[in-house]
Structures are given as C-alpha cells and as structure tokens.
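Note: the block below is my_file31.txt and it holds compact mmCIF, C-alpha atoms.
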```txt
# COMPACT_ATOMS: atom_id res chain seq x y z
CA MET B 1 -75.96 159.97 -150.59
CA ILE B 2 -78.27 157.42 -152.16
CA GLU B 3 -76.84 156.47 -155.52
CA PRO B 4 -80.17 155.70 -157.26
CA LEU B 5 -81.38 159.20 -156.39
CA THR B 6 -78.36 160.68 -158.16
CA TYR B 7 -79.19 158.60 -161.25
CA VAL B 8 -82.80 159.82 -161.11
CA VAL B 9 -81.67 163.46 -160.85
CA VAL B 10 -79.15 163.05 -163.68
CA GLY B 11 -81.82 161.31 -165.80
CA LEU B 12 -84.37 164.06 -165.16
CA ALA B 13 -81.78 166.75 -165.88
CA CYS B 14 -80.98 165.03 -169.19
CA VAL B 15 -84.70 164.91 -170.05
CA LEU B 16 -84.88 168.64 -169.28
CA LEU B 17 -81.73 169.28 -171.33
CA VAL B 18 -83.13 167.49 -174.39
CA ALA B 19 -86.64 168.96 -174.00
CA SER B 20 -85.47 172.57 -173.59
CA ALA B 21 -82.98 172.22 -176.45
CA TYR B 22 -85.85 170.89 -178.59
CA TYR B 23 -88.01 173.85 -177.56
CA ALA B 24 -85.17 176.25 -178.42
CA VAL B 25 -84.70 174.70 -181.87
CA LYS B 26 -88.45 174.64 -182.57
CA ASP B 27 -88.79 178.20 -181.25
CA ARG B 28 -91.39 177.08 -178.70
CA LEU B 29 -91.80 179.08 -175.53
CA VAL B 30 -91.81 177.72 -172.01
CA ASP B 31 -95.07 175.93 -171.11
CA ASP B 32 -96.56 173.99 -168.20
CA ARG B 33 -95.21 170.68 -169.44
CA LEU B 34 -91.61 171.94 -169.45
CA LEU B 35 -92.10 173.64 -166.09
CA ALA B 36 -93.31 170.29 -164.71
CA VAL B 37 -89.97 168.73 -165.68
CA VAL B 38 -88.16 171.68 -164.07
CA GLY B 39 -90.26 171.02 -160.95
CA LEU B 40 -89.24 167.34 -160.87
CA VAL B 41 -85.55 168.24 -161.22
CA GLU B 42 -85.95 170.84 -158.48
CA LEU B 43 -87.64 168.29 -156.22
CA GLY B 44 -84.82 165.82 -156.83
CA VAL B 45 -82.04 168.27 -155.97
CA LEU B 46 -83.92 169.42 -152.86
CA VAL B 47 -84.11 165.81 -151.64
CA MET B 48 -80.36 165.55 -152.40
CA LEU B 49 -79.78 168.68 -150.35
CA VAL B 50 -81.63 167.28 -147.33
CA LEU B 51 -80.03 163.83 -147.54
CA GLY B 52 -76.60 165.35 -148.16
CA LEU B 53 -76.80 167.65 -145.15
CA VAL B 54 -78.13 164.84 -142.94
CA GLY B 55 -75.27 162.54 -143.98
CA LEU B 56 -72.61 165.26 -144.01
CA GLY B 57 -70.46 163.45 -141.45
CA HIS B 58 -69.67 160.87 -144.14
CA VAL B 59 -67.38 163.39 -145.91
CA THR B 60 -64.55 163.82 -143.42
CA ASP B 61 -62.01 166.04 -145.22
CA SER B 62 -62.89 169.66 -144.39
CA THR B 63 -62.11 171.10 -147.85
CA GLU B 64 -64.07 168.38 -149.62
CA LYS B 65 -66.88 168.89 -147.14
CA ALA B 66 -67.01 172.59 -148.06
CA THR B 67 -67.08 171.72 -151.77
CA PHE B 68 -69.79 169.15 -151.11
CA VAL B 69 -71.99 171.66 -149.25
CA ALA B 70 -71.37 174.35 -151.91
CA TYR B 71 -72.57 171.95 -154.63
CA LEU B 72 -75.57 170.85 -152.56
CA VAL B 73 -76.66 174.43 -151.90
CA SER B 74 -75.97 175.70 -155.45
CA LEU B 75 -77.88 172.90 -157.19
CA PRO B 76 -81.46 173.95 -156.26
CA VAL B 77 -80.74 177.54 -157.37
CA ILE B 78 -80.00 176.54 -160.99
CA PRO B 79 -83.35 175.09 -162.20
CA LEU B 80 -85.26 177.84 -160.37
CA GLY B 81 -83.03 180.59 -161.78
CA THR B 82 -83.12 179.41 -165.39
CA ALA B 83 -86.87 178.71 -165.26
CA PHE B 84 -87.39 182.22 -163.88
CA LEU B 85 -85.36 183.67 -166.77
CA ALA B 86 -87.36 181.58 -169.26
CA ILE B 87 -90.67 182.88 -167.89
CA LYS B 88 -89.43 186.46 -167.81
CA GLU B 89 -87.55 186.48 -171.11
CA LYS B 90 -89.96 184.48 -173.34
CA SER B 91 -87.58 183.73 -176.17
CA ARG B 92 -85.99 180.64 -177.71
CA TRP B 93 -82.68 181.79 -176.24
CA ALA B 94 -84.14 181.53 -172.76
CA MET B 95 -84.86 177.85 -173.50
CA GLY B 96 -81.19 177.53 -174.35
CA SER B 97 -80.33 178.85 -170.91
CA VAL B 98 -82.63 176.23 -169.34
CA ALA B 99 -80.69 173.60 -171.33
CA VAL B 100 -77.34 174.97 -170.09
CA GLY B 101 -78.64 174.93 -166.52
CA ALA B 102 -79.88 171.34 -166.89
CA PHE B 103 -76.45 170.28 -168.13
CA ALA B 104 -74.81 171.95 -165.12
CA VAL B 105 -77.23 170.14 -162.76
CA ALA B 106 -76.33 166.77 -164.31
CA VAL B 107 -72.57 167.43 -164.04
CA MET B 108 -72.78 168.74 -160.48
CA ALA B 109 -74.94 165.83 -159.33
CA VAL B 110 -72.36 163.39 -160.69
CA ARG B 111 -69.54 165.35 -158.97
CA LEU B 112 -71.45 165.16 -155.67
CA GLN B 113 -71.76 161.41 -155.99
CA GLN B 114 -68.04 161.11 -156.83
CA ILE B 115 -67.08 163.03 -153.69
CA TRP B 116 -69.46 160.88 -151.66
CA ASN B 117 -68.15 157.61 -153.12
CA SER B 118 -64.53 158.53 -152.41
CA TYR B 119 -65.35 158.04 -148.70
CA ALA B 120 -66.94 154.62 -149.03
CA MET X 1 -82.65 203.82 -164.97
CA PRO X 2 -81.96 200.87 -167.25
CA ASP X 3 -81.20 202.04 -170.75
CA PRO X 4 -83.60 200.18 -173.09
CA THR X 5 -81.34 200.74 -176.11
CA ARG X 6 -78.46 198.92 -174.39
CA ARG X 7 -80.35 195.92 -173.05
CA ALA X 8 -77.82 193.14 -172.76
CA LEU X 9 -80.14 190.44 -171.38
CA GLY X 10 -82.37 189.91 -174.44
CA GLY X 11 -81.77 187.23 -177.08
CA PRO X 12 -78.47 185.32 -176.81
CA GLY X 13 -77.59 187.47 -173.78
CA VAL X 14 -79.82 185.31 -171.58
CA VAL X 15 -77.72 182.21 -172.35
CA LEU X 16 -74.51 184.13 -171.71
CA VAL X 17 -75.86 185.27 -168.34
CA VAL X 18 -76.45 181.67 -167.25
CA VAL X 19 -73.06 180.42 -168.44
CA TYR X 20 -71.29 183.42 -166.92
CA GLY X 21 -73.27 183.02 -163.70
CA LEU X 22 -72.32 179.33 -163.41
CA LEU X 23 -68.67 180.06 -164.10
CA ALA X 24 -68.70 182.93 -161.60
CA LEU X 25 -70.21 180.57 -159.04
CA ALA X 26 -67.62 177.86 -159.70
CA ALA X 27 -64.68 180.29 -159.73
CA THR X 28 -65.79 182.10 -156.58
CA GLY X 29 -66.45 178.89 -154.66
CA ARG X 30 -63.16 177.35 -155.66
CA SER X 31 -61.07 180.46 -154.95
CA VAL X 32 -62.66 181.03 -151.52
CA LEU X 33 -61.80 177.42 -150.60
CA GLN X 34 -58.27 177.72 -151.96
CA ILE X 35 -57.48 180.96 -150.16
CA LEU X 36 -59.04 179.98 -146.83
CA GLY X 37 -57.89 176.37 -146.93
CA TYR X 38 -54.33 176.20 -148.31
CA TYR X 39 -53.23 179.55 -149.70
CA ASP X 40 -49.52 178.82 -149.11
CA ARG X 41 -49.51 175.94 -151.59
CA ALA X 42 -49.68 178.22 -154.65
CA PRO X 43 -50.17 181.90 -153.74
CA LEU X 44 -49.85 183.16 -157.33
CA ALA X 45 -52.32 180.70 -158.83
CA TYR X 46 -54.85 181.23 -156.05
CA THR X 47 -54.63 185.01 -156.26
CA LEU X 48 -55.27 184.76 -160.00
CA SER X 49 -58.22 182.45 -159.25
CA ALA X 50 -59.71 185.10 -157.01
CA LEU X 51 -59.14 187.77 -159.66
CA ALA X 52 -60.84 185.54 -162.26
CA ALA X 53 -63.79 185.03 -159.92
CA VAL X 54 -64.24 188.78 -159.41
CA VAL X 55 -64.07 189.46 -163.16
CA TYR X 56 -66.66 186.73 -163.89
CA LEU X 57 -68.99 188.19 -161.27
CA LEU X 58 -68.49 191.65 -162.81
CA ALA X 59 -69.20 190.38 -166.34
CA THR X 60 -72.36 188.60 -165.13
CA TRP X 61 -73.54 191.81 -163.50
CA CYS X 62 -72.83 193.83 -166.68
CA LEU X 63 -74.90 191.37 -168.75
CA VAL X 64 -77.83 191.61 -166.33
CA ARG X 65 -77.78 195.40 -166.07
CA GLY X 66 -76.88 196.48 -169.62
CA GLY X 67 -76.89 200.23 -170.23
CA ARG X 68 -73.68 201.91 -169.22
CA TRP X 69 -72.44 198.61 -167.78
CA VAL X 70 -71.97 197.38 -171.35
CA ARG X 71 -68.73 199.33 -171.67
CA ILE X 72 -67.45 197.93 -168.38
CA GLY X 73 -68.49 194.48 -169.59
CA VAL X 74 -66.24 194.89 -172.62
CA TRP X 75 -63.33 195.56 -170.23
CA ALA X 76 -64.26 192.56 -168.08
CA CYS X 77 -64.32 190.25 -171.12
CA THR X 78 -61.01 191.68 -172.38
CA ILE X 79 -59.36 191.00 -169.00
CA GLU X 80 -60.76 187.45 -169.08
CA LEU X 81 -59.42 186.82 -172.56
CA VAL X 82 -55.96 188.19 -171.70
CA GLY X 83 -56.04 186.29 -168.39
CA VAL X 84 -56.92 182.91 -169.87
CA LEU X 85 -54.32 183.32 -172.64
CA VAL X 86 -51.51 184.50 -170.34
CA VAL X 87 -52.24 182.08 -167.48
CA GLY X 88 -52.95 179.28 -169.95
CA THR X 89 -49.58 179.77 -171.63
CA ALA X 90 -47.77 180.26 -168.31
CA SER X 91 -49.24 177.06 -166.88
CA PHE X 92 -47.61 175.11 -169.71
CA LEU X 93 -44.28 176.99 -169.58
CA VAL X 94 -43.93 177.21 -165.77
CA PRO X 95 -45.99 174.30 -164.42
CA ASP X 96 -44.36 174.63 -160.98
CA ALA X 97 -46.17 177.91 -160.36
CA PHE X 98 -49.52 176.17 -160.95
CA PRO X 99 -49.47 172.96 -158.92
CA ASP X 100 -53.24 173.05 -158.54
CA LYS X 101 -55.88 173.53 -161.22
CA THR X 102 -57.38 177.00 -161.55
CA VAL X 103 -60.09 178.35 -163.82
CA TRP X 104 -57.58 179.79 -166.27
CA SER X 105 -54.71 177.27 -166.16
CA HIS X 106 -54.26 175.11 -169.28
CA PHE X 107 -56.65 177.45 -171.11
CA GLY X 108 -59.56 176.43 -168.89
CA GLN X 109 -59.22 172.71 -169.62
CA GLY X 110 -60.75 171.79 -166.25
CA TYR X 111 -63.90 173.65 -167.29
CA GLY X 112 -64.23 172.23 -170.80
CA PHE X 113 -62.38 175.22 -172.28
CA VAL X 114 -65.45 177.34 -171.56
CA PRO X 115 -63.22 180.09 -170.01
CA LEU X 116 -61.40 180.37 -173.35
CA VAL X 117 -64.53 180.61 -175.53
CA LEU X 118 -66.73 182.67 -173.23
CA PRO X 119 -64.89 186.04 -173.30
CA VAL X 120 -64.91 185.93 -177.12
CA LEU X 121 -68.67 185.34 -177.16
CA GLY X 122 -69.08 188.03 -174.49
CA LEU X 123 -67.11 190.57 -176.52
CA LEU X 124 -69.07 189.77 -179.70
CA TRP X 125 -72.35 190.12 -177.82
CA PHE X 126 -71.44 193.37 -176.05
CA ARG X 127 -70.25 194.79 -179.38
CA LYS X 128 -73.55 193.90 -181.02
CA VAL X 129 -75.47 195.58 -178.17
CA GLU X 130 -73.32 198.70 -178.60
CA ARG X 131 -73.77 198.72 -182.36
CA ASP X 132 -77.55 198.24 -182.16
CA ALA X 133 -77.75 201.08 -179.64
CA ALA X 134 -75.68 203.36 -181.89
CA ALA X 135 -77.87 202.49 -184.87
CA ALA X 136 -81.02 203.24 -182.85
CA GLU X 137 -79.62 206.62 -181.78
CA HIS X 138 -78.65 207.40 -185.34
CA ALA X 139 -82.17 206.52 -186.55
CA ASP X 140 -83.63 208.76 -183.82
CA SER X 141 -81.53 211.78 -184.74
CA ALA X 142 -82.26 211.21 -188.45
CA ALA X 143 -86.01 211.15 -187.73
CA VAL X 144 -85.76 214.42 -185.76
CA GLY X 145 -83.54 216.10 -188.35
```

Structure re-expressed in structure tokens:
Amino acid sequence: MIEPLTYVVVGLACVLLVASAYYAVKDRLVDDRLLAVVGLVELGVLVMLVLGLVGLGHVTDSTEKATFVAYLVSLPVIPLGTAFLAIKEKSRWAMGSVAVGAFAVAVMAVRLQQIWNSYA
Amino acid sequence: MPDPTRRALGGPGVVLVVVYGLLALAATGRSVLQILGYYDRAPLAYTLSALAAVVYLLATWCLVRGGRWVRIGVWACTIELVGVLVVGTASFLVPDAFPDKTVWSHFGQGYGFVPLVLPVLGLLWFRKVERDAAAAEHADSAAVG
C-alpha cells in the first residue's frame, strides 16, 4: 500500500466530512460540487482496492489478510451508498449520513495502512 | 406494500441507517472471522458477537423497510441495549470469558461506545415513527367521523 495515497484518501474523506456537515447545518441539499468530492473519494478508494489486491501477498497472516480484504472491498461501497441515499432522500439528514460515511472511510483507510505497516 | 405512515427512513432515520449499516458490516465481518478462524479461543464471546451481528443486520433492515418492521425494530434495539449492558458489565466482572474484543464488550469501547448509544437513538426514533403513525391514523378517523 502506498502511504501517500492513504493520506490523500484520508484528506479527501475529511474534506467530504466537513463539506457535508456544513451542508447539513446550512440545510443545503446535495449538489454537483459535493458529488464531485464524493467521486474523488470513490476514485481514491478504488485505487486502494486495486493496489491492495495486487500487493496482497505482503500481508502474510491469514486472519489479518481476511480483515484487510474486507476493508478494501467495503470501502468503495460507503461513498456510493451514502451519496445514493443523499440523492434519493433529499434532506439535511441525508447530508449527515454522507458525513458519517466519510468519517468511516477515513478511519478504515487508516486501519488498512496500519495493517499494511505492521508487515514492513 | 410499504406503509407510508410508518416510513422509518425519512429525516434522522437516514443517518441511523448508515450508522447501523456500518456497525452491522463491522460486526458481521469480525464475527465471521472469529468463528471461522479461532472459535475455540473464546466460544461464548464469539457466539455473542455473531448474535450482535445478526441483530444489527435486522435493525438496519427494519429501518430501511419501515411499516410493520418498525415493531420488530423496537425488539432488535431492545435486545441490543440489553446485550451491550449485560456483556459490557460481564466483560468487566469476568474478563477471562472475554479474552478478545467484541462489539459489546466494555460497553462497545472498541467502537467508540457507538453500540451503547445507538440502540437508545434507535428506540427513540422507532417510537417517534410509531407515534406519528398513530397520530396520522387518529387524524384520519377524526376526519371521517
């Protein structure tokens, strides 16, 4: 796993977290600008997924490997799922769910990197 | 047919769905690994993990569907609350039975105490959905009468 990529993903997720929380507070609905940030986060976690699967041999313990793959595969689902809810639900609360999802992405990306680094 | 008067997904429900969904995902993933990988290490704790995972999945489903699932959701949240309180207390009193972290041990400390707070929020939300539905039905019958 490339460490800078993890930082980029965590940074983007934090931007999404702050932006969607701001939207929720201001009672603004989802728009193209916010969806663009969601798209960038999604792109980042997809690259992580590919790189993680390619370098899977790096994580040797079988249980940790399973956790690692579960995180990799779950990550891309979160921004897509919450963005879908936000488009469908059109309320400030839906922006809150995007914020929760962004937080989860940031935490899970860090966890992935921690697992990866423990095999340095 | 979804019951429009008992829609559980609108408003704050949409946030609950995401949090519940994430917790269900985490609990399911962890318990599958525990049971397949090293069940013998702590059979009790891992069985409870699996139970927690199933209840979280059920609660997520109830939030998404609404309608008659609301009542089942109330049960799911009640089981979660009892579970996190009982297992949380037990993990402090009998630490030997919980050598590995589970969703409910130490009152959900490993998950930022979300498992402790979530069933309360879930119960409050389901109760509001029920009450709004009852009020709507009452208004309907008053209009007819």

Which residues of chain B come within 8 Å of chain X, and what is each one's closest atom pair and distance in Å (one decimal), counting all atoms listed in the file, sorted by chain and residue number, as a tab-separated table?
```
residue	atom	partner	partner_atom	distance
B:Thr63	CA	X:Gly37	CA	6.8
B:Ala66	CA	X:Leu33	CA	7.5
B:Thr67	CA	X:Gly29	CA	7.8
B:Ala70	CA	X:Gly29	CA	7.2
B:Thr82	CA	X:Val18	CA	7.3
B:Leu85	CA	X:Val14	CA	7.5
B:Glu89	CA	X:Gly10	CA	7.0
B:Ser91	CA	X:Gly11	CA	6.8
B:Arg92	CA	X:Gly11	CA	7.9
B:Trp93	CA	X:Pro12	CA	5.5
B:Ala94	CA	X:Val14	CA	5.9
B:Gly96	CA	X:Val15	CA	6.2
B:Ser97	CA	X:Val15	CA	4.5
B:Val100	CA	X:Val19	CA	7.1
B:Gly101	CA	X:Val18	CA	7.1
B:Ala104	CA	X:Leu22	CA	8.0
```

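Atom to atom, CA of Phe107 in chain X and CA of Ala27 in chain X stand 14.2 Å apart.
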
Within 12 Å of Leu124 in chain X, counting all atoms listed in the file, which residues qualify if same-chain residues fewer than 2 places away don't, as a VMD selection string?
chain X and resid 8 12 to 13 16 70 73 to 74 77 to 78 117 to 122 126 to 131

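The list of residues with at least one atom within 9 Å of Leu56 in chain B, based on all atoms listed in the file and without residues fewer than 3 positions apart in the same chain, reads Leu51, Gly52, Leu53, Val59, Thr60, Lys65, Phe68 and Val69 of chain B.
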
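Of the listed residues (B:Met48, B:Ala106, B:Val38, B:Leu112), B:Val38 comes nearest to Phe84 in chain B; the distances count all atoms listed in the file.
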
Can you tell me, as a tab-separated table (two decimals) with C-alpha atoms, keeping the file's coordinate frame, what residues are no more than 7 Å from Ala21 in chain B when counting all atoms listed in the file, ignoring any on the same chain fewer than 4 positions away?
```tsv
chain	number	residue	atom	x	y	z
B	17	LEU	CA	-81.73	169.28	-171.33
B	25	VAL	CA	-84.70	174.70	-181.87
B	95	MET	CA	-84.86	177.85	-173.50
B	96	GLY	CA	-81.19	177.53	-174.35
B	99	ALA	CA	-80.69	173.60	-171.33
```

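Going from CA of Gly88 in chain X to CA of Trp104 in chain X covers 5.9 Å.
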
Determine, counting all atoms listed in the file, which protein, DNA and RNA residues have an atom within 10 Å of an atom of Val18 in chain B; residues of the same chain fewer than 6 positions away are not included. Present the result as a PyMOL selection string.
chain B and resi 12+24+99+102-103

Hey, what's within 9 Å of Val110 in chain B if we count all atoms listed in the file and toss same-chain stuff fewer than 5 positions away? As JSON, numbers by chain, please?
{"B": [6, 7, 10, 105, 115]}

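Atom to atom, CA of Val103 in chain X and CA of Ser49 in chain X stand 6.4 Å apart.
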
For Leu49 in chain B, the nearest of the candidates B:Leu35, B:Ala19, B:Leu29, B:Val77, counting all atoms listed in the file:
B:Val77

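Taking all atoms listed in the file into account, Val114 in chain X lies nearest to X:Tyr20 out of the set X:Tyr20, X:Arg7, X:Trp75, X:Val144.
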
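With only C-alpha atoms as the basis for measurement, B:Pro76 is the residue among B:Pro76, B:Gly81, B:Gly55, B:Pro4 that approaches Glu42 in chain B most closely.
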